[in-house]
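Reviewing the structure listed below.
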Amino acid sequence: MAVRKKSGHGKDFSPIFLAFFLILSCGVFMALKVETDGIIRKKIPGSSIIYIPSGKYLKFATFGYSSLLADIIYVWAIQYYSDYNIPERFEYLDHIFSIISELDLHYLDPYDTGALIAAYEAQDLDLALKLLDKGLEKNPDQWFFPYTGGHYAQMIKKDQKLAQEYYKKAMEVKGAPDILRRLYADSLYKAMDYQSALQAWLEIYQTTTDERVKKIASNHLYRAKATIDIQNIKEAIEKFKQRFGRNPMDLSQLVKAGFLGSLPKDLDGKEYVYVPQTGEVEAPTIWWKR
Amino acid sequence: MKIGAIALNTFKEAIRDRILYLLFFFAAVCIIFSRILALLTVGDRVKIIKDVGLASLSLFGALMAILMGVGLVFKEIDKRTIHTLLVKPIHRYQFLLGKYFGLVLTLLVMLLGMSIIFLAVIFAHTFKLEWQLLVAILFIFFELCLVTSVALLFSCFSTPILSSLFSLSFYLIGHFSWGLETLIKKVKPGLGKTLAQLLYHFVPDLENFNFKMEVVQKLPIPPKIFLFSTLYGIFYTVFVLTLALLVFRKRDFI
């Protein structure tokens with residue numbers, strides 16, 4: 001052992017020996033760290049999070065740092081839900097994002113991100129909408145939540161009525177962008193409420209000052225009107241067929257037979273295209289190509 | 001022999017410290033309180049008791065190690081009793097190691113006391129002794145040994161308040177160092193990544209001593225990890241104690 005005399009009290013370790021020992025032990029524990037990292041330990045990621053009480057109660061235990069804790073749990077949650085090696089990670093999605101939102105009611109991102117994860121990753125649209133509803137409830141000035149809800153309802157759930165409700169809520173929020181009125185009108189059309197869609201598009205057309213929006217509204221108006229007209233014409237054709245056992249030769253016969261008051265024309269004043277052999281009626285112009 | 005005598009003396013001195021009993025009392029309260037907490041849960045109540053119990057052992061043990069460890073050398077310097085000690089034929093390393101082992105012995109006794117209460121609470125629920133919990137407790141002890149060495153290191157050159165803060169930071173860093181791994185994955189290869197990797201391997205990884213979840217959830221533990229974690233603890237402790245010795249031998253007390 002490398003030793004040297006010191007203070008007359010016998011042998012003591014020399015600084016060189018100590019420095020060498022220091023470097024050696026450092027090298028060994030760093031090598032051991034590599035070894036321990038290489039050993040795969042079975043974990044249950046996120047298992048402890050289920051024991052975190054509701055955010056409402058947790059808030060009292062944060063000593064005024066509830067916002068900070070919300071940030072920490074949110075950052076953790078993003079990492080946790082990005083880990084595809086945890087198949088059961090969505091089990092406590094509701095609980096985790098509820099904790100975050102209760103800790104910081106006005107922290108907007110977690111509602112949105114939580115809903116995104118629920119909708120696309122967990123395939124739990126009800127939960128996504130629940131999170132967005134909570135976001136709007138706590139932040140009534142945020143149009144983005146009902147807008148996202150409408151988008152999910154329309155694109156994932158294919159529920160146009162539900163989408164309509166969300167878009168209506170979103171357009172009623174002060175400061176909501178104009179596009180929401182158009183999305184609402186479009187969802188009315190997709191829900192086959194053509195009269196309401198016509199009214200909504202007409203209102204957009206009459207109130208907008210933007211020429212581009214006016215053009216869009218005009219095209220949609222054309223489509224809505226054409227759909228209503230074609231529907232009426234087809235009903236009249238059906239009645240004609242029932243009475244005469246054949247399709248009318250042309251649409252004017254429907255007026256003559258009293259099934260239509262007058263022959264409807266499209267928004268541009270053109271007549272609808274009728275094929276007597278099949279009884280099909282079409283608009284003379286493709287609506288979005290006008 | 002000299003180390004043993006100093007260790008025994010340190011142990012006798014430590015067990016007279018009121019703060020030790022205060023922490024012991026709080027740990028016992030927490031372990032017993034876990035029974036009430038378990039009543040509020042739905043599902044496995046014993047799991048909650050085990051989780052809270054082991055966490056209490058670990059947290060209060062670390063507090064004991066830090067709060068007592070930071071005063072080990074500082075008190076001797078502050079009260080100038082170190083002068084009477086060092087004029088005797090005692091080497092500084094013997095003094096330091098004696099202090100260290102004295103506190104480790106104190107912590108061992110305290111941990112045993114807390115473990116008996118903990119196992120008794122578990123026994124009251126399950127009517128069986130769950131020996132596998134001792135694995136988690138043993139590694140909590142190893143962790144406390146390392147934390148004690150860190151507290152001792154800071155005690156050699158700093159005031160108790162600052163040393164407590166530094167030691168507590170060491171404890172927290174040790175339990176959150178895995179976060180660096182995530183950072184390393186996201187950093188582009190280069191000097192920054194190399195430095196981050198070096199730092200990651202250098203900072204303490206106290207999760208190597210954390211078998212609480214595996215034991216409570218009865219998950220299989222690879223046997224190799226016991227050996228490597230123990231060795232890791234020993235070498236890290238040796239490293240910190242050597243550093244403490246280097247600092248301590250430079251101190252001039254006159």
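Convention: chains lettered A, B, ... in structure tokens order; per-chain residue numbering from 1; ligands numbered from 1 as shown.
By chain and then residue number, the residues within 10 Å of A:Met249 are Tyr274, Val275, Pro276, Gln277 and Gly279 of chain A, counting only C-alpha atoms and disregarding those fewer than 6 positions away in sequence.
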Would you output that residue set with N, CA and C atoms, as a PDB file, in the first residue's frame?
ATOM      1  N   TYR A 274     -82.154  16.211 -67.163  1.00  0.00           N
ATOM      2  CA  TYR A 274     -83.018  15.061 -66.907  1.00  0.00           C
ATOM      3  C   TYR A 274     -82.770  13.974 -67.949  1.00  0.00           C
ATOM      4  N   VAL A 275     -82.656  12.702 -67.480  1.00  0.00           N
ATOM      5  CA  VAL A 275     -82.465  11.565 -68.390  1.00  0.00           C
ATOM      6  C   VAL A 275     -83.745  10.714 -68.309  1.00  0.00           C
ATOM      7  N   PRO A 276     -84.638  10.785 -69.331  1.00  0.00           N
ATOM      8  CA  PRO A 276     -85.934  10.091 -69.273  1.00  0.00           C
ATOM      9  C   PRO A 276     -85.815   8.571 -69.136  1.00  0.00           C
ATOM     10  N   GLN A 277     -84.771   7.994 -69.752  1.00  0.00           N
ATOM     11  CA  GLN A 277     -84.614   6.540 -69.718  1.00  0.00           C
ATOM     12  C   GLN A 277     -84.424   6.022 -68.274  1.00  0.00           C
ATOM     13  N   GLY A 279     -84.691   8.180 -65.434  1.00  0.00           N
ATOM     14  CA  GLY A 279     -85.422   9.012 -64.480  1.00  0.00           C
ATOM     15  C   GLY A 279     -84.489   9.810 -63.567  1.00  0.00           C
TER      16      GLY A 279
END
Please report, as a tab-separated table, each residue of chain B lying at most 8 Å from chain A, together with the nearest pair of atoms and the separation in Å rounded to one decimal; use only C-alpha atoms, and order rows by chain and ascending residue number.
residue	atom	partner	partner_atom	distance
B:Lys88	CA	A:His9	CA	8.0
B:Pro89	CA	A:His9	CA	5.2
B:Ile90	CA	A:His9	CA	6.8
B:His91	CA	A:Asp12	CA	6.6
B:Tyr93	CA	A:Asp12	CA	7.8
B:His201	CA	A:Met30	CA	5.4
B:Phe202	CA	A:Met30	CA	6.1
B:Asp205	CA	A:Lys33	CA	7.8
B:Asn208	CA	A:Thr36	CA	7.4
B:Met213	CA	A:Lys43	CA	7.8
B:Glu214	CA	A:Lys43	CA	7.3
B:Leu219	CA	A:Lys42	CA	6.7
B:Pro220	CA	A:Lys42	CA	7.0
B:Ile221	CA	A:Arg41	CA	6.5
B:Pro222	CA	A:Arg41	CA	6.9
B:Lys224	CA	A:Ile39	CA	7.7
B:Ile225	CA	A:Thr36	CA	6.3
B:Phe228	CA	A:Thr36	CA	6.2
B:Ser229	CA	A:Thr36	CA	6.8
B:Leu231	CA	A:Leu32	CA	7.4
B:Tyr232	CA	A:Phe29	CA	5.3
B:Gly233	CA	A:Phe29	CA	7.9
B:Phe235	CA	A:Phe29	CA	5.5
B:Tyr236	CA	A:Phe29	CA	5.8
B:Val238	CA	A:Ser25	CA	6.7
B:Phe239	CA	A:Ser25	CA	5.3
B:Thr242	CA	A:Leu22	CA	6.0
B:Leu243	CA	A:Leu22	CA	6.8
B:Leu246	CA	A:Leu18	CA	7.0
Which residues come within 7 Å of stretch 149-165 of chain B, counting only C-alpha atoms, excluding same-chain residues fewer than 6 positions away, as a short mmCIF file (atom, residue, chain, number, x, y, z; two decimals) with C-alpha atoms, in the first residue's frame?
data_model
loop_
_atom_site.label_atom_id
_atom_site.label_comp_id
_atom_site.auth_asym_id
_atom_site.auth_seq_id
_atom_site.Cartn_x
_atom_site.Cartn_y
_atom_site.Cartn_z
CA ILE B 66 -28.50 13.47 5.80
CA LEU B 67 -29.45 15.36 8.95
CA GLY B 69 -24.36 12.89 8.56
CA VAL B 70 -23.92 16.59 7.84
CA GLY B 71 -23.06 17.25 11.48
CA LEU B 72 -20.65 14.39 11.92
CA VAL B 73 -17.41 16.25 11.18
CA PHE B 74 -18.76 19.78 11.40
CA TYR B 100 -18.92 6.91 8.82
CA THR B 237 -19.39 4.89 -1.57
CA VAL B 240 -17.19 9.50 -2.18
CA LEU B 241 -15.32 8.49 0.98
CA ALA B 244 -14.04 13.11 1.59
CA VAL B 247 -10.82 17.10 1.37
CA PHE B 248 -10.45 16.30 5.05
#
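The list of residues with at least one atom within 6 Å of stretch 169-183 of chain B, based on only C-alpha atoms and without residues fewer than 4 positions apart in the same chain, reads Pro204, Asp205, Leu206 and Glu207 of chain B.
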Go ahead and write the residues just picked, N, CA and C atoms, as a compact mmCIF listing (two decimals), in the first residue's frame.
# COMPACT_ATOMS: atom_id res chain seq x y z
N PRO B 204 -25.05 9.85 -9.63
CA PRO B 204 -25.50 8.63 -8.94
C PRO B 204 -26.83 8.13 -9.49
N ASP B 205 -26.96 6.83 -9.55
CA ASP B 205 -28.24 6.24 -9.97
C ASP B 205 -28.79 5.45 -8.78
N LEU B 206 -29.55 6.16 -7.96
CA LEU B 206 -30.08 5.50 -6.75
C LEU B 206 -31.22 4.54 -7.08
N GLU B 207 -31.67 4.58 -8.32
CA GLU B 207 -32.70 3.63 -8.73
C GLU B 207 -32.14 2.20 -8.77
Test item: residues at most 12 Å from A:Gly269, only C-alpha atoms, excluding those fewer than 3 positions along its chain, as a count of residues only: 11
Tell me, which residues of stretch 117-266 of chain A carry DSSP helix (DSSP H, G or I), written as a VMD selection string? chain A and resid 117 to 121 125 to 138 144 to 155 160 to 172 179 to 190 194 to 207 211 to 244 252 to 256
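Interatomic distance, atom CA of B:Leu146 against atom CA of B:Ile19: 20.4 Å.
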Measure the distance from atom CA of A:Gln195 to atom CA of A:Asp133 in Å and round it to one decimal. 28.7 Å
Could you list, as JSON, numbers by chain, every residue within 12 Å of B:Ser56, counting only C-alpha atoms and ignoring same-chain residues fewer than 2 positions away? {"B": [23, 24, 25, 26, 27, 28, 29, 30, 31, 32, 33, 34, 48, 49, 50, 51, 52, 53, 54, 58, 59, 60, 61, 62, 63, 64, 111, 114, 115, 117, 118, 137, 140, 212]}
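Taking only C-alpha atoms, the non-local environment of A:Pro140 within 10 Å (same-chain residues fewer than 5 positions away omitted) comprises Asp133, Lys134, Gly135, Phe145, Pro146, Lys169, Ala170, Val173 and Lys174 of chain A.
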Residue selection dump (C-alpha atoms) as a PDB file, in the first residue's frame:
ATOM      1  CA  ASP A 133     -66.110  19.479 -22.948  1.00  0.00           C
ATOM      2  CA  LYS A 134     -64.267  19.961 -19.681  1.00  0.00           C
ATOM      3  CA  GLY A 135     -61.839  22.300 -21.421  1.00  0.00           C
ATOM      4  CA  PHE A 145     -62.238  22.994 -27.808  1.00  0.00           C
ATOM      5  CA  PRO A 146     -65.718  22.733 -29.408  1.00  0.00           C
ATOM      6  CA  LYS A 169     -71.013  26.040 -29.648  1.00  0.00           C
ATOM      7  CA  ALA A 170     -67.680  27.062 -31.185  1.00  0.00           C
ATOM      8  CA  VAL A 173     -67.748  31.888 -28.597  1.00  0.00           C
ATOM      9  CA  LYS A 174     -66.712  35.519 -28.825  1.00  0.00           C
TER      10      LYS A 174
END
Find, counting only C-alpha atoms, the residue in B:Ala196, B:Gln132, B:Val147, B:Leu86 that gets nearest to B:Ser167.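 Closest to B:Ser167 of all the choices is B:Val147.
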In Å and to one decimal, atom CA of A:Ile237 is distant from atom CA of A:Leu251 by 8.4 Å
